[in-house]
>>> print(open('query11.cif').read())   # mmCIF, C-alpha atoms
data_data
#
loop_
_atom_site.label_atom_id
_atom_site.label_comp_id
_atom_site.auth_asym_id
_atom_site.auth_seq_id
_atom_site.Cartn_x
_atom_site.Cartn_y
_atom_site.Cartn_z
CA MET D 115 11.83 4.87 -19.55
CA PHE D 116 10.92 6.76 -16.39
CA ASP D 117 13.40 8.77 -14.35
CA VAL D 118 12.33 9.71 -10.85
CA THR D 119 15.37 11.95 -10.44
CA TYR D 120 13.99 14.03 -13.33
CA VAL D 121 11.17 15.12 -11.05
CA ALA D 122 12.78 16.97 -8.18
CA ARG D 123 15.77 17.45 -5.98
CA THR D 124 16.30 14.60 -3.56
CA LEU D 125 14.17 15.24 -0.50
CA ILE D 126 16.80 13.82 1.83
CA ASP D 127 20.36 13.83 0.49
CA ARG D 128 21.78 10.33 1.03
CA SER D 129 25.43 11.20 0.32
CA PHE D 130 25.71 11.56 4.09
CA ARG D 131 23.50 10.89 7.10
CA GLU D 132 21.50 14.06 7.54
CA LYS D 133 20.52 15.23 11.00
CA ILE D 134 16.77 15.53 11.45
CA ILE D 135 14.54 17.16 14.08
CA LEU D 136 11.00 15.80 14.31
CA VAL D 137 8.04 18.06 15.12
CA GLY D 138 4.60 17.00 16.29
CA VAL D 139 1.54 18.87 17.54
CA VAL D 140 -1.06 17.66 20.04
CA PHE D 141 -4.49 19.02 19.08
CA PRO D 142 -7.68 18.82 21.19
CA GLY D 143 -8.89 15.23 21.31
CA ASP D 144 -5.40 13.85 20.66
CA SER D 145 -3.15 12.33 23.30
CA LEU D 146 0.55 12.86 23.91
CA GLU D 147 1.01 9.09 24.02
CA GLN D 148 -0.55 8.68 20.58
CA LEU D 149 1.62 11.45 19.12
CA SER D 150 4.69 9.83 20.66
CA LEU D 151 3.90 6.56 18.84
CA GLN D 152 3.40 8.46 15.58
CA LEU D 153 6.76 10.19 16.03
CA ASP D 154 8.38 6.80 16.71
CA GLU D 155 7.06 5.61 13.35
CA LEU D 156 8.19 8.83 11.68
CA ALA D 157 11.68 8.27 13.13
CA GLN D 158 11.68 4.81 11.56
CA LEU D 159 10.66 6.33 8.22
CA VAL D 160 13.48 8.90 8.46
CA ASP D 161 15.98 6.14 9.22
CA THR D 162 14.73 4.14 6.23
CA ALA D 163 15.18 7.24 4.06
CA GLY D 164 18.82 7.47 5.16
CA ALA D 165 18.95 10.10 7.90
CA ASP D 166 19.34 10.32 11.69
CA VAL D 167 16.89 11.82 14.16
CA VAL D 168 18.75 14.06 16.62
CA GLY D 169 15.83 15.72 18.38
CA ARG D 170 12.06 15.99 18.86
CA VAL D 171 9.85 18.98 19.51
CA VAL D 172 6.21 18.75 20.60
CA GLN D 173 3.67 21.53 21.04
CA ARG D 174 0.05 21.64 22.20
CA ARG D 175 -2.18 23.86 20.10
CA PRO D 176 -5.92 24.35 19.62
CA SER D 177 -5.37 24.46 15.84
CA PRO D 178 -2.51 24.78 13.34
CA ASP D 179 -1.01 28.22 12.83
CA PRO D 180 -2.00 29.25 9.28
CA ALA D 181 1.46 30.66 8.53
CA THR D 182 3.89 28.21 10.15
CA PHE D 183 1.75 25.35 11.58
CA VAL D 184 3.39 25.79 15.01
CA GLY D 185 3.43 29.10 16.87
CA SER D 186 6.05 31.82 16.36
CA GLY D 187 7.65 31.05 19.72
CA LYS D 188 8.05 27.39 18.78
CA VAL D 189 9.54 28.40 15.41
CA ALA D 190 12.17 30.47 17.25
CA GLU D 191 12.84 27.51 19.56
CA LEU D 192 13.23 25.21 16.56
CA ARG D 193 15.72 27.60 14.98
CA GLU D 194 17.87 27.69 18.12
CA LEU D 195 17.68 23.91 18.56
CA SER D 196 18.66 23.39 14.92
CA LEU D 197 21.74 25.57 15.39
CA THR D 198 22.66 23.78 18.62
CA LEU D 199 22.27 20.28 17.15
CA ASP D 200 23.56 21.27 13.70
CA ALA D 201 20.34 19.83 12.21
CA ASP D 202 19.91 19.92 8.45
CA THR D 203 16.17 19.34 8.08
CA ILE D 204 12.99 19.72 10.12
CA VAL D 205 10.37 17.01 9.52
CA PHE D 206 6.76 17.55 10.61
CA GLU D 207 4.47 14.64 11.45
CA HIS D 208 1.50 16.53 10.05
CA ALA D 209 1.01 17.69 6.46
CA LEU D 210 2.30 21.18 5.67
CA SER D 211 0.68 23.47 3.13
CA PRO D 212 3.00 24.93 0.47
CA ALA D 213 2.78 28.37 2.16
CA GLN D 214 3.59 26.93 5.59
CA GLN D 215 6.56 25.08 4.16
CA ARG D 216 7.93 28.23 2.50
CA ASN D 217 7.43 30.34 5.64
CA LEU D 218 9.11 27.75 7.84
CA GLU D 219 12.14 27.40 5.58
CA LYS D 220 12.53 31.18 5.48
CA ALA D 221 12.27 31.47 9.27
CA LEU D 222 14.41 28.43 10.09
CA GLY D 223 17.06 28.88 7.43
CA ARG D 224 16.91 25.20 6.52
CA THR D 225 14.71 22.64 4.80
CA ALA D 226 11.27 21.93 6.30
CA ILE D 227 9.30 18.94 5.00
CA ASP D 228 6.45 16.74 6.19
CA ARG D 229 5.76 13.03 6.61
CA THR D 230 4.46 12.78 3.05
CA ALA D 231 7.78 14.01 1.62
CA VAL D 232 9.69 11.37 3.60
CA ILE D 233 7.42 8.56 2.38
CA LEU D 234 7.74 9.78 -1.21
CA ASP D 235 11.53 9.75 -0.84
CA ILE D 236 11.47 6.14 0.38
CA PHE D 237 9.24 5.12 -2.52
CA ALA D 238 11.63 6.83 -4.95
CA GLN D 239 14.51 4.77 -3.53
CA ASN D 240 12.62 1.47 -3.78
CA ALA D 241 10.98 1.83 -7.21
CA ARG D 242 12.38 -0.90 -9.45
CA THR D 243 10.08 -1.63 -12.39
CA PRO D 244 9.02 0.87 -15.08
CA GLU D 245 5.48 0.84 -13.65
CA GLY D 246 6.71 1.41 -10.10
CA ARG D 247 8.96 4.29 -11.16
CA ALA D 248 6.12 5.84 -13.17
CA GLN D 249 3.77 5.67 -10.20
CA VAL D 250 6.33 7.21 -7.87
CA GLU D 251 7.13 9.95 -10.37
CA LEU D 252 3.43 10.77 -10.69
CA ALA D 253 3.07 11.03 -6.92
CA LEU D 254 6.15 13.26 -6.68
CA LEU D 255 4.91 15.54 -9.46
CA GLU D 256 1.49 15.93 -7.88
CA TYR D 257 3.17 16.73 -4.56
CA ARG D 258 5.57 19.24 -6.15
CA LEU D 259 3.15 21.06 -8.43
CA PRO D 260 1.53 23.31 -5.79
CA ARG D 261 4.96 23.86 -4.21
CA LEU D 262 6.63 25.38 -7.26
CA ARG D 263 8.19 28.73 -6.48
CA ARG D 264 10.32 31.34 -8.18
CA SER D 265 14.01 30.75 -7.88
CA ALA D 266 14.47 34.38 -6.88
CA ASP D 267 11.74 36.77 -5.78
CA ALA D 268 13.78 39.69 -7.10
CA LEU D 269 13.31 38.47 -10.66
CA SER D 270 9.54 38.76 -10.48
CA GLN D 271 9.52 42.53 -10.90
CA GLN D 272 12.34 42.93 -13.42
CA ALA D 273 11.24 43.95 -16.92
CA GLY D 274 7.65 43.84 -15.72
CA GLY D 275 5.93 45.61 -18.60
CA ILE D 276 2.29 44.86 -19.44
CA GLY D 277 0.76 42.63 -16.82
CA THR D 278 3.88 43.10 -14.61
CA ARG D 279 5.13 39.60 -15.41
CA GLY D 280 8.86 39.37 -14.85
CA PRO D 281 11.23 36.65 -16.07
CA GLY D 282 11.01 34.81 -12.75
CA GLU D 283 7.27 34.44 -12.93
CA THR D 284 7.43 33.51 -16.61
CA GLN D 285 9.83 30.66 -15.80
CA LEU D 286 7.51 29.56 -13.00
CA GLU D 287 4.64 29.22 -15.46
CA VAL D 288 6.87 27.34 -17.91
CA ASP D 289 7.85 24.90 -15.17
CA ARG D 290 4.22 24.47 -14.11
CA ARG D 291 3.07 23.71 -17.66
CA ARG D 292 5.92 21.25 -18.10
CA LEU D 293 4.94 19.38 -14.93
CA VAL D 294 1.25 19.34 -15.88
CA ARG D 295 2.09 17.87 -19.31
CA ARG D 296 4.29 15.22 -17.68
CA ILE D 297 1.52 14.33 -15.19
CA HIS D 298 -0.98 13.84 -18.02
CA ARG D 299 1.49 11.70 -19.99
CA ILE D 300 2.23 9.40 -17.03
CA ARG D 301 -1.47 9.04 -16.22
CA GLU D 302 -2.14 7.87 -19.76
CA GLU D 303 0.74 5.38 -19.57
CA LEU D 304 -0.57 4.00 -16.28
CA LYS D 305 -4.08 3.72 -17.74
CA GLU D 306 -2.66 1.57 -20.52
CA ILE D 307 -0.88 -0.63 -17.97
CA ASP D 308 -4.16 -0.92 -16.06
CA ARG D 309 -6.02 -1.97 -19.24
CA THR D 310 -3.38 -4.63 -19.93
CA ARG D 311 -3.69 -5.94 -16.38
CA LEU D 312 -7.48 -6.17 -16.69
CA ILE D 313 -7.13 -8.17 -19.93
CA GLN D 314 -4.72 -10.52 -18.16
CA ARG D 315 -7.19 -10.93 -15.34
CA GLN D 316 -9.99 -11.78 -17.78
CA GLY D 317 -7.75 -14.53 -19.11
CA ARG D 318 -7.26 -15.85 -15.57
CA ASP D 319 -11.02 -15.67 -14.98
CA ARG D 320 -11.52 -18.02 -17.91
CA GLY D 321 -9.16 -20.42 -16.14
CA ARG D 322 -11.16 -19.91 -12.92
CA HIS D 323 -8.13 -19.45 -10.72
CA ARG D 324 -9.12 -17.80 -7.46
CA GLU D 325 -7.13 -14.70 -6.50
CA VAL D 326 -5.94 -14.04 -2.96
CA THR D 327 -4.24 -10.69 -2.32
CA LEU D 328 -1.98 -10.08 0.67
CA VAL D 329 -2.54 -6.67 2.26
CA GLY D 330 -1.31 -5.17 5.49
CA TYR D 331 0.69 -2.52 7.26
CA THR D 332 4.17 -1.97 5.92
CA ASN D 333 6.74 -4.43 7.32
CA ALA D 334 4.06 -6.81 8.63
CA GLY D 335 5.68 -9.71 6.76
CA LYS D 336 3.56 -10.03 3.60
CA SER D 337 6.52 -10.91 1.36
CA SER D 338 7.75 -13.47 3.89
CA LEU D 339 4.29 -15.03 3.96
CA LEU D 340 4.15 -15.13 0.14
CA ASN D 341 7.49 -16.96 0.18
CA ALA D 342 6.27 -19.39 2.83
CA LEU D 343 3.02 -20.15 1.00
CA THR D 344 4.37 -20.41 -2.55
CA HIS D 345 8.18 -20.82 -2.31
CA ALA D 346 8.41 -17.58 -4.26
CA GLU D 347 11.87 -16.45 -3.09
CA VAL D 348 10.98 -12.75 -3.42
CA GLU D 349 13.16 -10.13 -1.73
CA VAL D 350 12.59 -9.78 2.01
CA GLU D 351 14.17 -7.08 4.16
CA ASN D 352 13.38 -5.68 7.58
CA ARG D 353 12.70 -2.24 6.11
CA LEU D 354 9.62 -0.20 5.32
CA PHE D 355 8.15 -0.24 1.81
CA VAL D 356 10.55 -2.75 0.25
CA THR D 357 7.67 -4.07 -1.91
CA LEU D 358 6.21 -1.52 -4.34
CA ASP D 359 5.37 -3.73 -7.31
CA PRO D 360 2.84 -6.58 -7.09
CA ARG D 361 4.26 -10.11 -7.27
CA THR D 362 1.91 -13.01 -8.09
CA ARG D 363 2.66 -16.68 -7.43
CA GLN D 364 0.42 -19.75 -7.43
CA ARG D 365 -0.11 -22.84 -5.32
CA GLN D 366 -2.67 -25.59 -5.00
CA LEU D 367 -4.96 -25.87 -2.00
CA PRO D 368 -5.62 -29.28 -0.39
CA GLY D 369 -8.88 -29.53 -2.40
CA GLY D 370 -6.92 -29.28 -5.66
CA GLU D 371 -7.88 -25.71 -6.57
CA THR D 372 -5.13 -23.52 -8.00
CA VAL D 373 -4.97 -20.16 -6.20
CA LEU D 374 -3.03 -17.07 -7.25
CA PHE D 375 -1.41 -15.19 -4.35
CA THR D 376 -0.43 -11.54 -4.92
CA ASP D 377 1.81 -9.47 -2.66
CA THR D 378 1.15 -5.71 -2.69
CA VAL D 379 2.61 -2.45 -1.43
CA GLY D 380 2.34 -2.02 2.33
CA PHE D 381 -0.04 0.52 3.83
CA ILE D 382 0.64 2.99 6.61
CA SER D 383 -1.37 5.42 8.72
CA ASN D 384 -1.98 8.73 6.95
CA LEU D 385 -0.88 7.24 3.62
CA PRO D 386 -0.36 10.23 1.29
CA HIS D 387 -3.27 10.75 -1.08
CA GLU D 388 -0.78 11.36 -3.90
CA LEU D 389 0.47 7.79 -3.47
CA VAL D 390 -3.01 6.29 -3.29
CA ARG D 391 -3.99 8.00 -6.56
CA ALA D 392 -0.71 7.16 -8.29
CA PHE D 393 -0.78 3.49 -7.28
CA MET D 394 -4.39 2.77 -8.25
CA SER D 395 -3.32 0.52 -11.13
CA THR D 396 -1.22 -1.57 -8.73
CA LEU D 397 -3.99 -1.56 -6.12
CA ARG D 398 -6.48 -2.92 -8.68
CA SER D 399 -5.48 -6.43 -7.57
CA VAL D 400 -6.83 -5.56 -4.13
CA GLN D 401 -10.18 -4.39 -5.50
CA LEU D 402 -10.67 -7.46 -7.71
CA ALA D 403 -9.45 -10.16 -5.31
CA ASP D 404 -11.66 -13.05 -4.22
CA LEU D 405 -10.16 -12.83 -0.73
CA LEU D 406 -7.87 -10.43 1.14
CA VAL D 407 -5.40 -12.01 3.54
CA HIS D 408 -4.81 -9.09 5.89
CA VAL D 409 -1.35 -9.69 7.37
CA VAL D 410 -0.71 -8.06 10.76
CA ASP D 411 2.47 -7.85 12.83
CA GLY D 412 1.31 -10.08 15.66
CA ALA D 413 4.16 -8.93 17.90
CA SER D 414 3.28 -5.23 17.66
CA GLU D 415 1.63 -3.37 20.51
CA ARG D 416 0.03 -1.16 17.83
CA ALA D 417 -1.60 -4.07 15.99
CA GLU D 418 -5.17 -2.85 16.51
CA GLU D 419 -4.27 0.65 15.33
CA GLN D 420 -2.51 -0.75 12.27
CA ILE D 421 -5.51 -2.91 11.39
CA ALA D 422 -7.71 0.20 11.50
CA ALA D 423 -5.24 2.13 9.30
CA VAL D 424 -5.22 -0.62 6.65
CA ARG D 425 -9.01 -0.82 6.66
CA ASP D 426 -9.18 2.96 6.18
CA VAL D 427 -7.05 2.62 3.04
CA LEU D 428 -9.23 -0.26 1.80
CA VAL D 429 -12.25 2.03 2.09
CA GLU D 430 -10.39 4.79 0.25
CA ILE D 431 -9.51 2.54 -2.71
CA GLY D 432 -12.96 0.92 -2.86
CA ALA D 433 -11.87 -2.54 -1.69
CA ASP D 434 -13.70 -2.74 1.65
CA HIS D 435 -16.32 -5.07 0.09
CA VAL D 436 -13.78 -7.86 -0.50
CA PRO D 437 -13.89 -10.69 2.10
CA GLU D 438 -11.03 -10.45 4.60
CA LEU D 439 -9.08 -13.01 6.61
CA LEU D 440 -6.96 -11.56 9.41
CA VAL D 441 -3.60 -13.29 9.90
CA PHE D 442 -1.32 -12.40 12.80
CA ASN D 443 2.25 -13.01 11.68
CA LYS D 444 5.52 -13.17 13.68
CA SER D 445 4.28 -15.56 16.36
CA ASP D 446 7.93 -16.59 16.72
CA VAL D 447 8.63 -13.09 18.10
CA SER D 448 5.74 -12.98 20.59
CA ARG D 449 3.63 -16.11 20.86
CA SER D 450 1.50 -14.71 23.69
CA ARG D 451 0.68 -11.48 21.85
CA SER D 452 -0.29 -13.26 18.62
CA ARG D 453 -2.56 -15.67 20.57
CA GLU D 454 -4.12 -12.73 22.40
CA LEU D 455 -4.94 -11.00 19.12
CA THR D 456 -6.30 -14.21 17.56
CA ASP D 457 -8.67 -14.60 20.51
CA LEU D 458 -9.69 -10.94 20.21
CA PHE D 459 -10.52 -11.11 16.47
CA GLU D 460 -12.88 -13.99 15.82
CA GLY D 461 -12.13 -16.07 12.74
CA SER D 462 -8.50 -14.92 12.50
CA ALA D 463 -5.38 -17.07 12.38
CA TRP D 464 -1.80 -16.82 13.65
CA VAL D 465 1.38 -17.91 11.84
CA SER D 466 5.11 -17.51 11.75
CA ALA D 467 6.06 -17.01 8.11
CA ARG D 468 9.73 -17.15 9.03
CA GLU D 469 9.48 -20.46 10.92
CA GLY D 470 6.65 -21.93 8.81
CA GLU D 471 4.56 -22.46 11.93
CA ASN D 472 0.77 -23.01 11.58
CA LEU D 473 0.81 -22.47 7.80
CA ASP D 474 -1.32 -25.57 7.21
CA VAL D 475 -4.06 -24.07 9.39
CA LEU D 476 -3.87 -20.82 7.42
CA VAL D 477 -4.06 -22.61 4.06
CA GLY D 478 -7.09 -24.53 5.30
CA ALA D 479 -8.75 -21.30 6.45
CA ILE D 480 -8.08 -19.68 3.06
CA GLY D 481 -9.71 -22.64 1.31
CA GLU D 482 -12.75 -22.48 3.59
CA ARG D 483 -13.19 -18.73 3.01
CA LEU D 484 -12.91 -19.13 -0.75
CA ARG D 485 -15.53 -21.92 -0.71
CA LEU D 486 -17.84 -20.06 1.65
CA HIS D 487 -20.17 -18.92 -1.14
CA ASP D 488 -19.82 -22.06 -3.24
CA ARG D 489 -22.82 -24.33 -3.68
CA THR D 490 -23.18 -28.09 -4.00
CA VAL D 491 -24.87 -29.09 -7.25
CA THR D 492 -25.63 -32.44 -8.81
CA LEU D 493 -24.77 -32.87 -12.49
CA ARG D 494 -25.87 -35.60 -14.87
CA LEU D 495 -23.20 -35.79 -17.56
CA PRO D 496 -23.31 -37.98 -20.72
CA LEU D 497 -20.97 -40.94 -20.59
CA ASP D 498 -19.26 -39.88 -23.82
CA ARG D 499 -18.51 -36.36 -22.52
CA GLY D 500 -15.29 -36.89 -20.61
CA ASP D 501 -14.48 -33.24 -21.28
CA LEU D 502 -17.41 -32.21 -19.08
CA LEU D 503 -16.23 -34.40 -16.22
CA ALA D 504 -12.75 -32.92 -16.54
CA ALA D 505 -14.27 -29.42 -16.52
CA ALA D 506 -16.21 -30.23 -13.34
CA HIS D 507 -12.95 -31.21 -11.64
CA ARG D 508 -11.29 -28.06 -12.94
CA GLU D 509 -14.08 -25.66 -12.00
CA GLY D 510 -14.86 -26.96 -8.51
CA GLU D 511 -14.37 -29.67 -5.94
CA VAL D 512 -15.92 -33.00 -6.92
CA LEU D 513 -17.42 -34.61 -3.82
CA ASN D 514 -18.46 -37.93 -5.35
CA THR D 515 -19.38 -39.61 -8.64
CA ALA D 516 -21.70 -42.46 -9.58
CA VAL D 517 -21.82 -44.21 -12.97
CA GLU D 518 -25.29 -45.07 -14.25
CA GLU D 519 -26.40 -46.77 -17.47
CA ASP D 520 -26.23 -43.69 -19.67
CA ALA D 521 -24.62 -40.98 -17.53
CA VAL D 522 -22.17 -40.04 -14.81
CA VAL D 523 -23.84 -38.37 -11.82
CA VAL D 524 -21.48 -35.94 -10.13
CA ARG D 525 -21.90 -33.98 -6.91
CA VAL D 526 -19.58 -30.99 -7.11
CA LEU D 527 -18.93 -27.83 -5.12
CA LEU D 528 -19.02 -24.84 -7.50
CA ASP D 529 -19.00 -21.07 -7.25
CA ALA D 530 -21.70 -19.02 -9.00
CA HIS D 531 -19.68 -18.78 -12.23
CA GLY D 532 -18.94 -22.50 -12.32
CA ALA D 533 -22.56 -23.41 -11.58
CA SER D 534 -23.72 -21.27 -14.52
CA LEU D 535 -21.44 -23.19 -16.91
CA PHE D 536 -23.21 -26.49 -16.12
CA ARG D 537 -26.77 -25.15 -16.07
CA GLN D 538 -28.11 -27.56 -18.73
CA TRP D 539 -26.69 -30.65 -16.98
CA ARG D 540 -27.92 -29.82 -13.48
CA VAL D 541 -30.32 -32.19 -11.73
CA SER D 542 -33.23 -30.35 -10.13
CA ALA D 543 -33.32 -30.61 -6.34
#
>>> encode(input="query11.cif", output="structure tokens")
Amino acid sequence: MFDVTYVARTLIDRSFREKIILVGVVFPGDSLEQLSLQLDELAQLVDTAGADVVGRVVQRRPSPDPATFVGSGKVAELRELSLTLDADTIVFEHALSPAQQRNLEKALGRTAIDRTAVILDIFAQNARTPEGRAQVELALLEYRLPRLRRSADALSQQAGGIGTRGPGETQLEVDRRRLVRRIHRIREELKEIDRTRLIQRQGRDRGRHREVTLVGYTNAGKSSLLNALTHAEVEVENRLFVTLDPRTRQRQLPGGETVLFTDTVGFISNLPHELVRAFMSTLRSVQLADLLVHVVDGASERAEEQIAAVRDVLVEIGADHVPELLVFNKSDVSRSRSRELTDLFEGSAWVSAREGENLDVLVGAIGERLRLHDRTVTLRLPLDRGDLLAAAHREGEVLNTAVEEDAVVVRVLLDAHGASLFRQWRVSA
């Protein structure tokens, strides 16, 4: 149905391991140490995309050069280094404008891309479902549209005539209109998918199943935790962005409530806006969740920074209002680090999804958070209305029952929706 390869040339050719040089710039207020960590992550992204980093170049600047992002001297240095190392592509940590990208490729004599292009390439590799491929294609198209260029500048002045439009420029406009039409078509298809998902959610609401969505930095172990909590057996790999499509599984909490757990796409610092916009239908599960289980790599020295990056994305997609439970995973890798983080963030929990360690504590914490806004009500139900008693068990947690002469008196823990269903049988306090 959707063909990502229809969109553009492959950003990183995977028929062989390309040689990549990374470029980063330290601006005022930034630190060299911070940039080094960002370049480490970029190197991991490049490796996931199927290429090898052979060199790094760093420059300090007060601001980006409007033409080439880095200065002309650094461009010359990059060209010489590329020839020496036989590098195929230059990857910038920071976003490049279309003009900067064109100028760099002309000056360097090789491909110049940015972090966003690498992430898009990884998403294109990992898209599996029709929805996932559509979302990736939309992101790629929106990224490519302002970067369209004539295949040959010489064509632009041939047979100019009125308005001086040559064949090259005419083809450029044809390509642009074709991409715009395709963007509109995919957006409409994704809107329809979103409407279907909302209808499905309304059906689940009638069943009153609580929804818990797993969010977190990419490769924090969300899929492993979903498997550990629900025996889901979803694919787990030690690579970035393996999960692009939401997977929902259910389990019962100790109180008897059925909870739906949904695994989502991982976040990352400086997540491309094209991806955020394209994946809004998938991210709807985050916005509408009853609770977010924010999974963090508890062995990472960058855990605090990754938490901040995820929360930034939650703000961007309008999900920062959803209650959050921080969970530090991978305690089997670094028990001391995960305990340190749990002590630092009050109300958090630590687990090892791989070893199954401390999962019972996490499940208990999830149940407590979900019941945090529930209320205890007393219901007086007619003896001949067994359906109402069954509904009370289904909608909430029955604390105790007492049979009287003409009624069953039930004390039950209900959320606001459940309490409204039993309004006429409530006993005034």
>>> atom_distance(input="query11.cif", atom1="CA of Leu339 in chain D", atom2="CA of Ala467 in chain D")
4.9 Å
>>> residues_around(input="query11.cif", residues="Pro142 in chain D", least_positions_apart="4", cutoff="10 Å", atoms="only C-alpha atoms", output="ChimeraX atom specification")
/D:174-177
>>> write_last_selection(input="query11.cif", atoms="C-alpha atoms", output="tab-separated table (two decimals), keeping the file's coordinate frame")
chain	number	residue	atom	x	y	z
D	174	ARG	CA	0.05	21.64	22.20
D	175	ARG	CA	-2.18	23.86	20.10
D	176	PRO	CA	-5.92	24.35	19.62
D	177	SER	CA	-5.37	24.46	15.84
>>> residues_around(input="query11.cif", residues="range 395-406 of chain D", least_positions_apart="4", cutoff="7 Å", atoms="only C-alpha atoms", output="ChimeraX atom specification")
/D:304,308,324-329,360,432-433,436-439,484
>>> residues_near_point(input="query11.cif", point="(17.1, 23.5, 17.7)", cutoff="12 Å", atoms="only C-alpha atoms", output="list in words")
Lys133, Ile134, Ile135, Leu136, Val137, Val168, Gly169, Arg170, Val171, Lys188, Val189, Ala190, Glu191, Leu192, Arg193, Glu194, Leu195, Ser196, Leu197, Thr198, Leu199, Asp200, Ala201, Asp202, Thr203, Ile204, Leu222, Gly223 and Arg224 of chain D
>>> resolve_selection(input="query11.cif", expression="the PyMOL selection byres ((chain D and resi 340) around 10)", output="list in words")
Thr327, Leu328, Gly335, Lys336, Ser337, Ser338, Leu339, Asn341, Ala342, Leu343, Thr344, His345, Ala346, Glu347, Val348, Arg361, Thr362, Arg363, Gln364, Phe375, Thr376, Asp377 and Ala467 of chain D
>>> resolve_selection(input="query11.cif", expression="the PyMOL selection byres ((chain D and resi 480) around 9)", output="JSON, numbers by chain")
{"D": [326, 367, 405, 407, 439, 475, 476, 477, 478, 479, 481, 482, 483, 484, 485]}
>>> axis_aligned_box(input="query11.cif", around="range 419-423 of chain D", padding_each_side="4 Å", output="lines of an AutoDock Vina configuration file")
center_x = -5.1
center_y = -0.4
center_z = 12.3
size_x = 13.2
size_y = 13.0
size_z = 14.0
>>> closest_atom_pairs(input="query11.cif", of="range 344-454 of chain D", to="range 510-522 of chain D", cutoff="8 Å", atoms="all atoms listed in the file", output="JSON lines")
{"residue": "D:Gly369", "atom": "CA", "partner": "D:Glu511", "partner_atom": "CA", "distance": 6.5}
{"residue": "D:Gly370", "atom": "CA", "partner": "D:Glu511", "partner_atom": "CA", "distance": 7.5}
{"residue": "D:Glu371", "atom": "CA", "partner": "D:Gly510", "partner_atom": "CA", "distance": 7.4}
>>> atom_distance(input="query11.cif", atom1="CA of Ala334 in chain D", atom2="CA of Val373 in chain D")
21.9 Å
>>> residues_around(input="query11.cif", residues="range 208-220 of chain D", least_positions_apart="6", cutoff="8 Å", atoms="all atoms listed in the file", output="VMD selection string")
chain D and resid 138 to 139 180 to 183 189 226 to 230 260 to 261
>>> atom_distance(input="query11.cif", atom1="CA of Gly330 in chain D", atom2="CA of Gly380 in chain D")
5.8 Å
>>> closest_residue(input="query11.cif", among="D:Arg365, D:Ala463, D:Arg525, D:Phe141", to="Asp179 in chain D", atoms="all atoms listed in the file")
D:Phe141
>>> resolve_selection(input="query11.cif", expression="the PyMOL selection byres ((chain D and resi 419) around 12)", output="list in words")
Gln148, Leu151, Gln152, Gly330, Tyr331, Ile382, Ser383, Asn384, Val410, Asp411, Ser414, Glu415, Arg416, Ala417, Glu418, Gln420, Ile421, Ala422, Ala423, Val424, Arg425 and Asp426 of chain D
>>> write_last_selection(input="query11.cif", atoms="C-alpha atoms", output="CSV table (one decimal), keeping the file's coordinate frame")
chain,number,residue,atom,x,y,z
D,148,GLN,CA,-0.6,8.7,20.6
D,151,LEU,CA,3.9,6.6,18.8
D,152,GLN,CA,3.4,8.5,15.6
D,330,GLY,CA,-1.3,-5.2,5.5
D,331,TYR,CA,0.7,-2.5,7.3
D,382,ILE,CA,0.6,3.0,6.6
D,383,SER,CA,-1.4,5.4,8.7
D,384,ASN,CA,-2.0,8.7,7.0
D,410,VAL,CA,-0.7,-8.1,10.8
D,411,ASP,CA,2.5,-7.8,12.8
D,414,SER,CA,3.3,-5.2,17.7
D,415,GLU,CA,1.6,-3.4,20.5
D,416,ARG,CA,0.0,-1.2,17.8
D,417,ALA,CA,-1.6,-4.1,16.0
D,418,GLU,CA,-5.2,-2.8,16.5
D,420,GLN,CA,-2.5,-0.8,12.3
D,421,ILE,CA,-5.5,-2.9,11.4
D,422,ALA,CA,-7.7,0.2,11.5
D,423,ALA,CA,-5.2,2.1,9.3
D,424,VAL,CA,-5.2,-0.6,6.6
D,425,ARG,CA,-9.0,-0.8,6.7
D,426,ASP,CA,-9.2,3.0,6.2
>>> closest_residue(input="query11.cif", among="D:Met394, D:Leu497, D:Val250, D:Leu156", to="Phe206 in chain D", atoms="only C-alpha atoms")
D:Leu156
>>> residues_around(input="query11.cif", residues="Glu256 in chain D", least_positions_apart="5", cutoff="9 Å", atoms="only C-alpha atoms", output="MDAnalysis selection string")
chainID D and resid 251 293:294 297 388
>>> residues_around(input="query11.cif", residues="Arg131 in chain D", least_positions_apart="5", cutoff="8 Å", atoms="all atoms listed in the file", output="list in words")
Gly164, Ala165 and Asp166 of chain D
>>> build_atoms(input="query11.cif", residues="range 485-490 of chain D", atoms="N, CA and C atoms", output="short mmCIF file (atom, residue, chain, number, x, y, z; two decimals), in the coordinates of the input")
data_model
loop_
_atom_site.label_atom_id
_atom_site.label_comp_id
_atom_site.auth_asym_id
_atom_site.auth_seq_id
_atom_site.Cartn_x
_atom_site.Cartn_y
_atom_site.Cartn_z
N ARG D 485 -14.39 -21.06 -0.39
CA ARG D 485 -15.53 -21.92 -0.71
C ARG D 485 -16.80 -21.52 0.02
N LEU D 486 -16.72 -20.44 0.79
CA LEU D 486 -17.84 -20.06 1.65
C LEU D 486 -19.12 -19.83 0.86
N HIS D 487 -19.00 -19.24 -0.33
CA HIS D 487 -20.17 -18.92 -1.14
C HIS D 487 -20.38 -19.91 -2.29
N ASP D 488 -19.61 -21.01 -2.24
CA ASP D 488 -19.82 -22.06 -3.24
C ASP D 488 -21.11 -22.82 -2.92
N ARG D 489 -21.60 -23.55 -3.89
CA ARG D 489 -22.82 -24.33 -3.68
C ARG D 489 -22.61 -25.75 -4.20
N THR D 490 -23.25 -26.71 -3.56
CA THR D 490 -23.18 -28.09 -4.00
C THR D 490 -24.29 -28.34 -5.02
#
